[in-house]
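> Structure file work_1.txt (compact mmCIF, C-alpha atoms) is given on the next line.
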# COMPACT_ATOMS: atom_id res chain seq x y z
CA MET B 1 0.00 0.00 0.00
CA GLY B 2 1.18 3.50 -0.81
CA LEU B 3 0.70 4.61 2.78
CA PHE B 4 3.80 2.71 3.88
CA ASN B 5 6.01 3.84 1.01
CA LEU B 6 6.56 6.93 3.15
CA PHE B 7 8.94 4.95 5.33
CA LYS B 8 10.93 3.21 2.60
CA PRO B 9 13.69 2.47 1.57
CA ALA B 10 14.58 1.98 5.25
CA ARG B 11 13.50 -1.34 6.75
CA THR B 12 10.17 -0.59 8.36
CA VAL B 13 9.15 -2.06 11.71
CA LEU B 14 5.70 -1.15 12.97
CA VAL B 15 5.42 -1.22 16.76
CA ILE B 16 1.67 -1.33 17.21
CA ASP B 17 -0.11 -0.39 20.40
CA ALA B 18 -2.61 -3.26 20.25
CA VAL B 19 -4.50 -1.80 23.21
CA SER B 20 -5.25 1.38 21.24
CA LEU B 21 -6.06 -0.67 18.15
CA ASN B 22 -8.59 -2.74 20.09
CA GLU B 23 -10.12 0.39 21.59
CA SER B 24 -10.50 1.92 18.14
CA ALA B 25 -12.48 -1.20 17.18
CA GLY B 26 -14.84 -0.71 20.12
CA LEU B 27 -13.15 -3.23 22.43
CA LYS B 28 -12.38 -1.77 25.83
CA GLY B 29 -11.72 -3.01 29.33
CA LYS B 30 -10.90 -6.67 29.83
CA ILE B 31 -10.91 -8.17 26.34
CA PRO B 32 -11.48 -11.94 26.00
CA PRO B 33 -8.45 -13.89 24.70
CA ARG B 34 -10.44 -14.98 21.65
CA ASN B 35 -10.93 -11.37 20.53
CA GLN B 36 -7.28 -10.50 21.15
CA LEU B 37 -6.15 -13.50 19.09
CA GLN B 38 -8.43 -12.46 16.26
CA MET B 39 -6.83 -9.02 16.23
CA LEU B 40 -3.35 -10.60 16.22
CA ARG B 41 -4.32 -12.81 13.28
CA ARG B 42 -5.50 -9.78 11.35
CA LEU B 43 -2.20 -8.05 12.08
CA ALA B 44 -0.35 -11.16 10.85
CA ARG B 45 -2.27 -11.07 7.57
CA PHE B 46 -1.57 -7.37 7.28
CA SER B 47 2.15 -8.02 7.83
CA GLN B 48 2.15 -10.61 5.04
CA ARG B 49 0.19 -8.38 2.68
CA GLU B 50 2.35 -5.31 3.21
CA LYS B 51 5.63 -7.21 3.67
CA ILE B 52 6.31 -5.16 6.80
CA GLU B 53 7.64 -6.41 10.13
CA VAL B 54 5.05 -5.97 12.88
CA ILE B 55 5.47 -6.01 16.65
CA ALA B 56 2.14 -6.02 18.52
CA VAL B 57 2.23 -4.79 22.12
CA LEU B 58 -0.55 -5.88 24.46
CA SER B 59 -0.79 -5.36 28.21
CA GLY B 60 -1.10 -7.80 31.09
CA ALA B 61 -0.58 -11.54 31.31
CA PRO B 62 0.58 -13.19 28.04
CA LEU B 63 -1.95 -15.22 26.08
CA ASN B 64 -1.32 -18.97 26.04
CA LYS B 65 -1.37 -19.09 22.25
CA ALA B 66 0.76 -15.97 21.85
CA PRO B 67 3.67 -16.12 24.34
CA ALA B 68 5.65 -12.96 25.06
CA GLY B 69 8.60 -12.37 22.74
CA LYS B 70 7.60 -15.21 20.43
CA LYS B 71 6.33 -15.22 16.87
CA PHE B 72 2.59 -15.48 16.47
CA GLU B 73 2.18 -16.46 12.84
CA GLU B 74 4.08 -13.63 11.11
CA ILE B 75 4.34 -11.10 13.94
CA THR B 76 6.11 -10.70 17.28
CA VAL B 77 3.93 -10.23 20.36
CA LEU B 78 5.11 -8.35 23.45
CA TYR B 79 3.33 -7.43 26.69
CA SER B 80 3.68 -4.50 29.05
CA LYS B 81 3.31 -5.41 32.73
CA SER B 82 0.39 -3.05 33.29
CA MET B 83 -1.50 -0.18 31.66
CA GLU B 84 0.47 2.23 33.85
CA ALA B 85 3.71 0.93 32.32
CA HIS B 86 2.30 0.53 28.82
CA ALA B 87 3.32 3.91 27.38
CA LYS B 88 6.93 3.64 28.56
CA PHE B 89 7.17 0.05 27.34
CA LEU B 90 5.92 1.03 23.88
CA ALA B 91 8.36 3.93 23.65
CA LYS B 92 11.28 1.78 24.79
CA THR B 93 10.42 -1.00 22.37
CA THR B 94 10.13 1.41 19.43
CA MET B 95 13.44 3.13 20.19
CA SER B 96 15.22 -0.23 20.47
CA LYS B 97 14.31 -1.06 16.86
CA GLY B 98 16.27 1.82 15.38
CA ALA B 99 15.52 4.40 12.70
CA GLY B 100 13.13 2.20 10.73
CA ALA B 101 10.70 1.80 13.63
CA VAL B 102 7.31 3.49 13.58
CA LEU B 103 5.14 3.72 16.69
CA VAL B 104 1.43 3.20 15.94
CA SER B 105 -0.75 4.38 18.83
CA GLY B 106 -3.92 6.27 19.60
CA SER B 107 -2.61 7.50 22.93
CA ALA B 108 -1.33 11.06 23.21
CA ALA B 109 0.43 10.08 26.46
CA THR B 110 2.36 7.33 24.66
CA GLU B 111 3.40 9.68 21.86
CA LYS B 112 4.58 12.21 24.43
CA VAL B 113 6.69 9.62 26.27
CA ALA B 114 8.23 8.48 22.97
CA GLY B 115 9.39 12.02 22.23
CA ASN B 116 10.31 13.67 18.95
CA GLY B 117 13.02 11.17 18.05
CA VAL B 118 10.49 8.44 17.20
CA LYS B 119 8.41 8.23 14.03
CA LYS B 120 4.74 8.04 14.86
CA MET B 121 1.48 7.13 13.18
CA ARG B 122 -1.98 7.49 14.64
CA VAL B 123 -4.14 4.37 14.87
CA SER B 124 -6.84 6.09 12.82
CA THR B 125 -4.35 6.56 9.96
CA PHE B 126 -3.04 3.01 10.27
CA ARG B 127 -6.54 1.56 10.04
CA LYS B 128 -7.03 3.07 6.59
CA ALA B 129 -4.60 0.42 5.35
CA PHE B 130 -5.31 -2.21 8.00
CA ASP B 131 -9.06 -2.41 7.35
CA ILE B 132 -8.64 -2.79 3.58
CA GLY B 133 -7.94 -6.50 4.14
CA GLY B 134 -11.68 -7.08 4.72
CA ASP B 135 -11.23 -10.57 6.16
CA GLY B 136 -14.71 -10.74 7.68
CA GLU B 137 -13.66 -11.63 11.23
CA SER B 138 -16.68 -11.85 13.52
CA ARG B 139 -14.74 -10.56 16.52
CA GLY B 140 -16.28 -7.97 18.57
CA ASP B 141 -14.82 -5.91 15.86
CA ARG B 142 -18.04 -4.03 15.75
CA ALA B 143 -16.37 -0.92 14.58
CA SER B 144 -13.61 -2.43 12.76
CA GLU B 145 -15.06 -5.67 12.28
CA GLY B 146 -16.85 -1.71 11.55
CA GLY B 147 -14.01 -1.18 9.24
CA ASN B 148 -14.27 -4.26 7.12
CA ARG B 149 -17.96 -4.38 6.33
CA PRO B 150 -19.86 -1.11 6.81
CA ARG B 151 -23.17 -1.65 8.52
CA GLY B 152 -24.89 0.50 5.93
CA ASN B 153 -24.30 -2.17 3.28
CA ARG B 154 -25.96 -4.91 5.32
CA PRO B 155 -29.78 -5.05 5.14
CA PRO B 156 -31.45 -5.41 8.53
CA ARG B 157 -32.32 -9.01 9.35
CA ARG B 158 -36.01 -8.22 9.74
CA ARG B 159 -36.39 -6.57 6.36
CA PRO B 160 -37.00 -9.78 4.36
CA GLN B 161 -40.05 -10.50 6.55
CA LYS B 162 -41.50 -7.11 5.72
CA GLN B 163 -40.79 -7.56 2.02
CA ASN B 164 -42.96 -10.70 1.99
CA LYS B 165 -45.98 -8.44 2.44
CA GLY B 166 -48.04 -8.51 -0.73
CA ASP B 167 -45.52 -10.68 -2.59
CA SER B 168 -47.56 -12.79 -5.03
CA ASN B 169 -44.74 -15.28 -5.61
CA ASN B 170 -44.65 -16.72 -2.10
CA GLY B 171 -47.73 -18.98 -2.37
CA ASN B 172 -51.12 -19.09 -0.71
CA ASN B 173 -49.77 -19.74 2.80
CA ASN B 174 -47.80 -16.51 2.84
CA HIS B 175 -50.80 -14.61 1.55
CA LYS B 176 -52.95 -15.88 4.41
CA LYS B 177 -50.34 -14.69 6.91
CA ASN B 178 -50.14 -11.34 5.14
CA GLU B 179 -53.90 -10.95 5.20
CA GLN B 180 -53.87 -11.52 8.97
CA LYS B 181 -51.26 -8.81 9.36
CA GLN B 182 -53.30 -6.48 7.17
CA ASP B 183 -56.33 -7.05 9.41
CA ARG B 184 -54.39 -5.44 12.24
CA LYS B 185 -53.49 -2.45 10.07
CA PRO B 186 -56.29 -2.12 7.46
CA LYS B 187 -55.15 -0.95 4.07
CA GLU B 188 -58.07 -1.44 1.72
CA SER B 189 -56.26 -0.80 -1.54
CA SER B 190 -53.32 -3.14 -0.83
CA GLU B 191 -55.74 -5.81 0.47
CA ALA B 192 -57.76 -5.62 -2.74
CA ASP B 193 -54.60 -5.94 -4.80
CA ALA B 194 -53.55 -9.01 -2.83
CA ILE B 195 -56.96 -10.65 -3.42
CA ASN B 196 -56.81 -9.91 -7.14
CA GLU B 197 -53.35 -11.49 -7.30
CA LEU B 198 -54.64 -14.59 -5.53
CA ILE B 199 -57.46 -14.87 -8.04
CA ASP B 200 -54.96 -14.63 -10.89
CA LEU B 201 -52.85 -17.39 -9.35
CA VAL B 202 -55.86 -19.71 -9.01
CA ASP B 203 -56.86 -19.11 -12.63
Could the structure of this file be written out as structure tokens, please?

Amino acid sequence: MGLFNLFKPARTVLVIDAVSLNESAGLKGKIPPRNQLQMLRRLARFSQREKIEVIAVLSGAPLNKAPAGKKFEEITVLYSKSMEAHAKFLAKTTMSKGAGAVLVSGSAATEKVAGNGVKKMRVSTFRKAFDIGGDGESRGDRASEGGNRPRGNRPPRRRPQKQNKGDSNNGNNNHKKNEQKQDRKPKESSEADAINELIDLVD
């Protein structure tokens, strides 16, 4: 993606504040391991797609399937000891990776601790490239999962039931149900149309 050509030709290492990334996807507080693993898998796919080294930094006790300092699929996963130590840990990790490192965070406090000597990218900017993958994860990625499939493109689940109203192709049984619904909300013209359609079907 062109977004990351900004950092080339130097070897780019993205140090991603996974806590901020989860929060931007609507996941806050104590996040279930399943949701955290789904986010890490998405980051791994992103790393493969962009051919960029990724270090994801979570906070708290390491996940069983993603041990601290080990590779999880294509990315390295690290953990700060606590949220209080998270900003300093992110800054230290980014600085240790040299000039090609870019800190990705949504926390102003973290950016301040990192100082001016560290390249930075906001999570909102990062997600413009990250969400393009559209992998359809069901994770509480409401927002992200918001990013992959906009809610506006999905018809509400109840809509098909409403569309059955007056549909002459659904058979006599559906028409009987529709007539019962119309009794509750009388609409003489639509009821007459439905009857005429039934007559046509019988003929």
> Here is a test: counting all atoms listed in the file, which residue of B:Ser107, B:Gln38, B:Ser20, B:Thr12 is nearest to Thr94 of chain B?
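That would be B:Thr12, the residue with the smallest distance to Thr94 of chain B.
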> Pick from B:Leu103, B:Glu74, B:Lys119, B:Ala85: nearest to Arg45 of chain B, with all atoms listed in the file counted?
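Ranked by minimum distance to Arg45 of chain B, first place goes to B:Glu74.
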> When you count only C-alpha atoms, which of these residues is closest to Asp17 of chain B: B:Lys128, B:Lys112, B:Lys51, B:His86?
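Answer, going by the shortest atom-to-atom distance: B:His86.
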> Residues within 10 Å of Ala68 of chain B, please, as number ranges by chain. Count only C-alpha atoms; anything in the same chain fewer than 2 positions from it doesn't count.
B: 57-58, 61-66, 70-72, 76-80
> Name the residues in contact with Ile31 of chain B at a cut-off of 12 Å, using all atoms listed in the file, excluding same-chain residues fewer than 2 positions from it; report them as a count of residues only.
24
> Which is closer to Lys120 of chain B than all the others in B:Ser82, B:Pro67, B:Pro32, B:Ala101, using only C-alpha atoms?
B:Ala101
> Please measure the separation of atom CA of Ser96 of chain B and atom CA of Leu14 of chain B, giving the value in Å to one decimal.
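Taking atom CA of Ser96 of chain B as the start and atom CA of Leu14 of chain B as the end point, the length is 12.2 Å.
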> For segment 91-103 of chain B, I'd like the enclosing box, axis-aligned and padded by 5 Å on every side, reported as JSON with centre and edge lengths in Å to one decimal.

{"center_x": 10.7, "center_y": 1.7, "center_z": 17.8, "size_x": 21.1, "size_y": 15.5, "size_z": 24.1}
